[in-house]
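Pasted below: target26.cif, mmCIF, C-alpha atoms.
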data_my_file
loop_
_atom_site.group_PDB
_atom_site.id
_atom_site.type_symbol
_atom_site.label_atom_id
_atom_site.label_comp_id
_atom_site.auth_asym_id
_atom_site.auth_seq_id
_atom_site.Cartn_x
_atom_site.Cartn_y
_atom_site.Cartn_z
ATOM 1 C CA MET A 331 -0.324 18.585 7.644
ATOM 2 C CA GLY A 332 -0.690 20.830 4.634
ATOM 3 C CA GLY A 333 -4.259 20.015 3.707
ATOM 4 C CA TYR A 334 -6.423 16.988 4.447
ATOM 5 C CA PHE A 335 -4.739 15.059 1.643
ATOM 6 C CA ALA A 336 -1.264 15.170 3.237
ATOM 7 C CA GLY A 337 -2.523 13.170 6.194
ATOM 8 C CA LEU A 338 -1.377 13.247 9.792
ATOM 9 C CA LEU A 339 2.016 13.925 11.311
ATOM 10 C CA ASN A 340 3.002 13.082 14.872
ATOM 11 C CA ALA A 341 4.914 15.263 17.344
ATOM 12 C CA ARG A 342 8.101 15.102 15.273
ATOM 13 C CA GLY A 343 6.412 17.741 13.120
ATOM 14 C CA HIS A 344 7.253 20.311 15.841
ATOM 15 C CA ASP A 345 10.931 20.041 14.922
ATOM 16 C CA LEU A 346 10.537 20.278 11.157
ATOM 17 C CA PRO A 347 10.986 23.537 9.275
ATOM 18 C CA LEU A 348 7.877 24.853 7.513
ATOM 19 C CA ASP A 349 9.289 24.025 4.123
ATOM 20 C CA TYR A 350 8.064 21.965 1.179
ATOM 21 C CA ASP A 351 11.241 19.918 0.813
ATOM 22 C CA ALA A 352 11.744 19.266 4.532
ATOM 23 C CA LEU A 353 8.160 18.070 5.018
ATOM 24 C CA LYS A 354 8.291 15.988 1.865
ATOM 25 C CA GLY A 355 11.502 14.420 3.122
ATOM 26 C CA ALA A 356 9.758 13.541 6.370
ATOM 27 C CA GLY A 357 7.052 11.675 4.467
ATOM 28 C CA SER A 358 4.459 14.411 4.848
ATOM 29 C CA GLY A 359 3.777 17.508 2.788
ATOM 30 C CA LEU A 360 3.031 21.206 3.001
ATOM 31 C CA GLY A 361 0.527 20.866 0.165
ATOM 32 C CA CYS A 362 -1.897 23.798 0.157
ATOM 33 C CA GLY A 363 -0.384 25.105 3.402
ATOM 34 C CA ALA A 364 -3.503 24.605 5.524
ATOM 35 C CA ILE A 365 -2.332 23.138 8.815
ATOM 36 C CA THR A 366 -4.299 22.130 11.893
ATOM 37 C CA VAL A 367 -2.334 21.543 15.093
ATOM 38 C CA LEU A 368 -3.794 18.846 17.318
ATOM 39 C CA GLY A 369 -3.750 19.421 21.080
ATOM 40 C CA PRO A 370 -3.029 16.935 23.866
ATOM 41 C CA ASP A 371 -6.731 16.152 24.266
ATOM 42 C CA ASP A 372 -7.288 15.455 20.585
ATOM 43 C CA CYS A 373 -7.285 11.901 19.356
ATOM 44 C CA PRO A 374 -5.498 11.251 16.036
ATOM 45 C CA VAL A 375 -7.657 8.192 15.400
ATOM 46 C CA GLY A 376 -10.774 10.311 15.798
ATOM 47 C CA VAL A 377 -9.403 13.001 13.494
ATOM 48 C CA ALA A 378 -8.523 10.380 10.867
ATOM 49 C CA ALA A 379 -12.049 8.975 11.150
ATOM 50 C CA LEU A 380 -13.529 12.443 10.593
ATOM 51 C CA LEU A 381 -11.236 13.065 7.607
ATOM 52 C CA LEU A 382 -11.947 9.697 5.993
ATOM 53 C CA ALA A 383 -15.669 10.175 6.533
ATOM 54 C CA TYR A 384 -15.284 13.519 4.763
ATOM 55 C CA PHE A 385 -13.488 11.894 1.805
ATOM 56 C CA GLY A 386 -16.130 9.188 1.683
ATOM 57 C CA ARG A 387 -18.928 11.749 1.712
ATOM 58 C CA GLU A 388 -17.522 14.504 -0.483
ATOM 59 C CA ASN A 389 -15.787 12.617 -3.318
ATOM 60 C CA ALA A 390 -17.176 13.137 -6.829
ATOM 61 C CA GLY A 391 -18.578 9.614 -7.023
ATOM 62 C CA GLN A 392 -17.081 9.041 -10.470
ATOM 63 C CA CYS A 393 -14.595 6.190 -10.074
ATOM 64 C CA GLY A 394 -15.603 2.906 -8.490
ATOM 65 C CA SER A 395 -12.283 2.400 -6.738
ATOM 66 C CA CYS A 396 -12.655 5.814 -5.121
ATOM 67 C CA PHE A 397 -16.250 5.841 -3.922
ATOM 68 C CA ASN A 398 -15.909 2.286 -2.690
ATOM 69 C CA GLY A 399 -12.387 2.702 -1.329
ATOM 70 C CA THR A 400 -12.973 5.929 0.592
ATOM 71 C CA ALA A 401 -16.189 4.546 2.101
ATOM 72 C CA ALA A 402 -14.443 1.328 3.079
ATOM 73 C CA MET A 403 -11.518 3.130 4.712
ATOM 74 C CA ALA A 404 -13.933 5.471 6.493
ATOM 75 C CA GLY A 405 -15.780 2.432 7.784
ATOM 76 C CA VAL A 406 -12.658 0.897 9.288
ATOM 77 C CA ALA A 407 -11.570 4.225 10.802
ATOM 78 C CA LEU A 408 -15.015 4.675 12.347
ATOM 79 C CA GLY A 409 -14.869 1.146 13.711
ATOM 80 C CA LEU A 410 -11.444 1.850 15.158
ATOM 81 C CA ALA A 411 -12.616 5.070 16.808
ATOM 82 C CA ARG A 412 -15.545 3.227 18.361
ATOM 83 C CA GLY A 413 -13.319 0.385 19.556
ATOM 84 C CA GLU A 414 -14.984 -2.134 17.257
ATOM 85 C CA ALA A 415 -12.126 -2.785 14.808
ATOM 86 C CA GLY A 416 -9.768 -5.730 15.226
ATOM 87 C CA PRO A 417 -6.614 -7.019 13.557
ATOM 88 C CA ALA A 418 -8.542 -8.226 10.490
ATOM 89 C CA GLU A 419 -9.933 -4.744 9.798
ATOM 90 C CA LEU A 420 -6.511 -3.181 10.273
ATOM 91 C CA ARG A 421 -4.972 -5.651 7.846
ATOM 92 C CA ARG A 422 -7.560 -4.635 5.261
ATOM 93 C CA LEU A 423 -6.775 -0.960 5.872
ATOM 94 C CA GLU A 424 -3.047 -1.630 5.414
ATOM 95 C CA TYR A 425 -3.774 -3.570 2.248
ATOM 96 C CA TRP A 426 -5.833 -0.716 0.802
ATOM 97 C CA CYS A 427 -3.032 1.735 1.612
ATOM 98 C CA GLY A 428 -0.762 -0.243 -0.685
ATOM 99 C CA PHE A 429 -3.313 -1.219 -3.314
ATOM 100 C CA LEU A 430 -5.589 1.762 -3.875
ATOM 101 C CA PRO A 431 -3.204 4.638 -4.725
ATOM 102 C CA GLY A 432 -3.359 5.525 -8.407
ATOM 103 C CA ARG A 433 -6.646 3.704 -9.054
ATOM 104 C CA GLY A 434 -8.768 6.837 -9.350
ATOM 105 C CA ALA A 435 -8.858 9.202 -12.311
ATOM 106 C CA CYS A 436 -7.796 12.047 -10.008
ATOM 107 C CA ALA A 437 -5.848 12.137 -6.746
ATOM 108 C CA THR A 438 -8.798 12.270 -4.326
ATOM 109 C CA LEU A 439 -8.399 8.589 -3.560
ATOM 110 C CA ASP A 440 -4.637 9.010 -3.078
ATOM 111 C CA GLY A 441 -5.304 11.828 -0.600
ATOM 112 C CA ALA A 442 -7.706 9.671 1.374
ATOM 113 C CA VAL A 443 -5.168 6.845 1.370
ATOM 114 C CA ASN A 444 -2.607 9.299 2.766
ATOM 115 C CA VAL A 445 -4.852 9.933 5.761
ATOM 116 C CA ALA A 446 -5.176 6.222 6.503
ATOM 117 C CA ALA A 447 -1.525 5.420 5.782
ATOM 118 C CA THR A 448 -0.185 8.265 7.917
ATOM 119 C CA LEU A 449 -2.495 7.310 10.786
ATOM 120 C CA LEU A 450 -0.995 3.821 10.757
ATOM 121 C CA ARG A 451 2.562 5.085 10.304
ATOM 122 C CA GLU A 452 2.607 8.093 12.669
ATOM 123 C CA PHE A 453 0.343 6.875 15.465
ATOM 124 C CA PRO A 454 0.812 3.097 15.814
ATOM 125 C CA ALA A 455 0.439 3.198 19.617
ATOM 126 C CA GLU A 456 -2.896 5.021 19.405
ATOM 127 C CA VAL A 457 -4.128 2.610 16.741
ATOM 128 C CA THR A 458 -3.200 -0.333 18.971
ATOM 129 C CA SER A 459 -4.764 1.150 22.101
ATOM 130 C CA HIS A 460 -8.054 1.781 20.249
ATOM 131 C CA GLN A 461 -8.362 -1.943 19.661
ATOM 132 C CA ARG A 462 -8.151 -2.527 23.385
ATOM 133 C CA ASP A 463 -9.481 0.418 25.372
ATOM 134 C CA ALA A 464 -12.326 2.858 24.897
ATOM 135 C CA CYS A 465 -11.207 6.375 23.929
ATOM 136 C CA PRO A 466 -13.037 9.204 25.760
ATOM 137 C CA ALA A 467 -12.342 11.781 23.030
ATOM 138 C CA CYS A 468 -13.692 9.465 20.319
ATOM 139 C CA ALA A 469 -16.675 8.485 22.445
ATOM 140 C CA ALA A 470 -17.605 12.177 22.699
ATOM 141 C CA THR A 471 -17.538 12.699 18.917
ATOM 142 C CA ASP A 472 -20.453 12.172 16.580
ATOM 143 C CA PHE A 473 -18.529 10.948 13.532
ATOM 144 C CA LEU A 474 -21.506 10.890 11.191
ATOM 145 C CA THR A 475 -22.489 14.545 11.480
ATOM 146 C CA THR A 476 -19.285 16.365 12.477
ATOM 147 C CA ASP A 477 -17.100 17.998 9.855
ATOM 148 C CA PRO A 478 -13.344 17.498 10.110
ATOM 149 C CA PRO A 479 -11.338 20.331 11.696
ATOM 150 C CA LEU A 480 -10.835 23.321 9.419
ATOM 151 C CA ALA A 481 -7.496 25.023 9.351
ATOM 152 C CA SER A 482 -8.738 28.368 8.066
ATOM 153 C CA ASP A 483 -11.412 29.450 10.516
ATOM 154 C CA PRO A 484 -10.745 28.976 14.243
ATOM 155 C CA GLU A 485 -14.405 29.743 15.066
ATOM 156 C CA SER A 486 -15.612 26.779 13.065
ATOM 157 C CA ILE A 487 -13.322 24.241 14.659
ATOM 158 C CA THR A 488 -15.173 21.452 16.339
ATOM 159 C CA PRO A 489 -14.801 20.989 20.091
ATOM 160 C CA HIS A 490 -12.835 17.882 19.151
ATOM 161 C CA VAL A 491 -9.848 19.906 18.016
ATOM 162 C CA GLU A 492 -9.015 22.900 20.107
ATOM 163 C CA ALA A 493 -5.735 24.327 18.902
ATOM 164 C CA ALA A 494 -5.445 25.571 15.350
ATOM 165 C CA LEU A 495 -2.807 27.461 13.453
ATOM 166 C CA MET B 1061 -0.777 0.157 -29.316
ATOM 167 C CA LYS B 1062 -1.459 2.548 -26.450
ATOM 168 C CA ILE B 1063 -4.667 2.436 -24.443
ATOM 169 C CA LYS B 1064 -6.303 4.727 -21.942
ATOM 170 C CA LEU B 1065 -8.763 3.584 -19.309
ATOM 171 C CA ASP B 1066 -11.425 6.099 -18.348
ATOM 172 C CA ARG B 1067 -12.078 5.123 -14.755
ATOM 173 C CA THR B 1068 -15.070 7.449 -14.522
ATOM 174 C CA LEU B 1069 -16.819 5.414 -17.230
ATOM 175 C CA CYS B 1070 -15.915 2.027 -15.772
ATOM 176 C CA ASP B 1071 -18.945 0.356 -14.207
ATOM 177 C CA GLY B 1072 -17.112 -2.693 -12.973
ATOM 178 C CA PHE B 1073 -18.250 -5.291 -15.504
ATOM 179 C CA GLY B 1074 -14.807 -6.900 -15.307
ATOM 180 C CA THR B 1075 -14.801 -8.055 -18.929
ATOM 181 C CA CYS B 1076 -11.392 -6.450 -19.533
ATOM 182 C CA ALA B 1077 -9.700 -8.429 -16.778
ATOM 183 C CA GLU B 1078 -11.158 -11.619 -18.256
ATOM 184 C CA ARG B 1079 -9.942 -10.828 -21.771
ATOM 185 C CA ALA B 1080 -6.561 -9.328 -20.838
ATOM 186 C CA PRO B 1081 -5.601 -10.154 -17.252
ATOM 187 C CA ALA B 1082 -2.022 -8.995 -17.851
ATOM 188 C CA VAL B 1083 -3.243 -5.501 -18.756
ATOM 189 C CA PHE B 1084 -6.103 -4.855 -16.336
ATOM 190 C CA SER B 1085 -6.414 -5.427 -12.617
ATOM 191 C CA LEU B 1086 -9.668 -5.289 -10.673
ATOM 192 C CA ASP B 1087 -10.101 -3.970 -7.160
ATOM 193 C CA GLU B 1088 -12.194 -5.893 -4.676
ATOM 194 C CA TRP B 1089 -15.327 -4.101 -5.860
ATOM 195 C CA GLY B 1090 -14.700 -5.130 -9.466
ATOM 196 C CA TYR B 1091 -13.538 -1.788 -10.843
ATOM 197 C CA ALA B 1092 -10.636 -1.856 -13.269
ATOM 198 C CA SER B 1093 -7.321 -0.113 -13.422
ATOM 199 C CA LEU B 1094 -4.336 -0.608 -15.679
ATOM 200 C CA GLU B 1095 -1.852 -3.066 -14.217
ATOM 201 C CA ARG B 1096 1.025 -1.596 -12.281
ATOM 202 C CA GLY B 1097 3.736 -0.304 -14.569
ATOM 203 C CA LEU B 1098 1.280 0.420 -17.404
ATOM 204 C CA SER B 1099 -0.043 3.872 -18.167
ATOM 205 C CA ALA B 1100 -1.771 5.682 -21.009
ATOM 206 C CA ASP B 1101 1.707 6.477 -22.341
ATOM 207 C CA THR B 1102 2.907 2.875 -22.357
ATOM 208 C CA GLU B 1103 3.341 1.177 -25.713
ATOM 209 C CA LEU B 1104 1.896 -2.276 -25.041
ATOM 210 C CA PRO B 1105 4.184 -5.194 -25.894
ATOM 211 C CA PRO B 1106 3.045 -7.010 -29.083
ATOM 212 C CA GLU B 1107 1.828 -10.114 -27.252
ATOM 213 C CA LEU B 1108 -0.606 -7.992 -25.195
ATOM 214 C CA GLU B 1109 -2.090 -6.102 -28.146
ATOM 215 C CA GLN B 1110 -4.574 -8.749 -29.234
ATOM 216 C CA PRO B 1111 -6.025 -9.369 -25.746
ATOM 217 C CA ALA B 1112 -6.087 -5.627 -25.058
ATOM 218 C CA ARG B 1113 -8.003 -5.004 -28.291
ATOM 219 C CA ARG B 1114 -10.444 -7.788 -27.387
ATOM 220 C CA ALA B 1115 -10.984 -6.074 -24.016
ATOM 221 C CA LEU B 1116 -11.465 -2.716 -25.731
ATOM 222 C CA LEU B 1117 -14.093 -4.081 -28.115
ATOM 223 C CA ASP B 1118 -15.912 -6.017 -25.394
ATOM 224 C CA CYS B 1119 -16.095 -3.279 -22.734
ATOM 225 C CA PRO B 1120 -19.845 -2.618 -22.355
ATOM 226 C CA VAL B 1121 -19.351 1.061 -21.465
ATOM 227 C CA HIS B 1122 -16.460 1.838 -23.855
ATOM 228 C CA ALA B 1123 -14.183 2.846 -21.006
ATOM 229 C CA ILE B 1124 -11.080 1.641 -22.879
ATOM 230 C CA ILE B 1125 -9.865 4.047 -25.534
ATOM 231 C CA GLU B 1126 -7.086 3.460 -28.006
ATOM 232 C CA ARG B 1127 -4.553 6.251 -28.229
ATOM 233 C CA PRO B 1128 -2.690 7.084 -31.394
ATOM 234 C CA SER B 1129 0.830 5.714 -31.188
ATOM 235 C CA LYS B 1130 3.518 6.835 -33.500
#
Take the structure in this file and express it as structure tokens.
Amino acid sequence: MGGYFAGLLNARGHDLPLDYDALKGAGSGLGCGAITVLGPDDCPVGVAALLLAYFGRENAGQCGSCFNGTAAMAGVALGLARGEAGPAELRRLEYWCGFLPGRGACATLDGAVNVAATLLREFPAEVTSHQRDACPACAATDFLTTDPPLASDPESITPHVEAAL
Amino acid sequence: MKIKLDRTLCDGFGTCAERAPAVFSLDEWGYASLERGLSADTELPPELEQPARRALLDCPVHAIIERPSK
């Protein structure tokens, strides 16, 4: 929702008005207004892994908590997408979601934390199933070289995410 | 006394958390942040001033800066 930094929102987003206050009240945000709608074949875990990899790759590299924290969260998300993450990794991810916000000089780290925190909050069933079963959508994605879905240019959207607004 | 922590200068030596553990917290990679509830606008309580100043003087990269307080 509303930019990479506002994180993910599950299907309840369909019923929310496109309004700063309403989305804020729902624990999300309209932010810069750039929204990507995920289709039925898209995997929220895979999208979160792409977004966290982006934050890990594209941060300014200035604050230790940020360049370590984003890389660490990206690592867990990648492990989850590949079906390699277990309860211990998820506990670490939850811990970082509570511990890392505010530790960077700017809000890049907070934005990355939003992606991880909203994945855990909005898609708990998907997170659980990725610990158990292989995900075909994630298996078909190259997480190291694919950019996250862009809201602005439908032509540039990866095959991973088909519907965009 | 008010202090500011420049997180972009911090190289994770951890000296500040040794000198003033009530003022600085380290993440698991050793990088510092002000403890929860403290900010660059917080007037430190008197009992924390001496350890905070020790941390400021001992920081190898001068990432702790004293702010003028009225």
Provide as a tab-separated table (two decimals) with C-alpha atoms, in the frame of the given file the residues of chain A at most 7 Å from chain B, counting all atoms listed in the file.
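Below you can see out-v7.tsv, which holds the result:
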chain	number	residue	atom	x	y	z
A	392	GLN	CA	-17.08	9.04	-10.47
A	393	CYS	CA	-14.60	6.19	-10.07
A	394	GLY	CA	-15.60	2.91	-8.49
A	395	SER	CA	-12.28	2.40	-6.74
A	433	ARG	CA	-6.65	3.70	-9.05
A	434	GLY	CA	-8.77	6.84	-9.35
A	435	ALA	CA	-8.86	9.20	-12.31
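The set of residues that the PyMOL selection byres ((chain B and resi 1108-1120) around 6) takes from this file is Cys1076, Arg1079, Ala1080, Pro1105, Pro1106, Glu1107, Val1121, His1122 and Ile1124 of chain B.
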To verify the selection step, state as a ChimeraX atom specification which residues the PyMOL selection byres ((chain A and resi 457-465) around 10) yields on this input. /A:373-376,407,409-417,420,449-456,466-470
note - CA of Ala1082 (chain B) and CA of Ile1063 (chain B) are separated by 13.5 Å
Please provide as a ChimeraX atom specification all residues within 8 Å of Tyr334 (chain A), with the sequence filter that same-chain residues fewer than 2 positions apart are discarded (counting only C-alpha atoms). /A:331-332,336-337,381,441,445
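CA of Gly359 (chain A) lies 18.1 Å from CA of Cys436 (chain A).
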Quick one: residues within 9 Å of Thr1102 (chain B), all atoms listed in the file counted, chain neighbours fewer than 5 positions away excluded, as a compact mmCIF listing (two decimals) with C-alpha atoms, in the coordinates of the input?
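This went into result05.txt:
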# COMPACT_ATOMS: atom_id res chain seq x y z
CA MET B 1061 -0.78 0.16 -29.32
CA LYS B 1062 -1.46 2.55 -26.45
CA ILE B 1063 -4.67 2.44 -24.44
CA GLY B 1097 3.74 -0.30 -14.57
What does the structure give for the distance between CA of Asp1101 (chain B) and CA of Phe335 (chain A), in Å to one decimal? 26.3 Å
Selection near Leu346 (chain A), 12 Å with all atoms listed in the file, sequence-local residues under 2 positions removed, as a ChimeraX atom specification: /A:331,339-344,348-360
Quick one: what's the axis-aligned box for region 1084-1091 of chain B, all listed atoms, 8 Å on every side, centre and edges in Å to one decimal, as lines of an AutoDock Vina configuration file?
center_x = -10.7
center_y = -3.8
center_z = -10.5
size_x = 25.2
size_y = 20.1
size_z = 27.7
Taking only C-alpha atoms into account, which of B:Ala1077, B:Val1083, B:Ala1100, B:Ala1123 comes nearest Lys1064 (chain B)? B:Ala1100
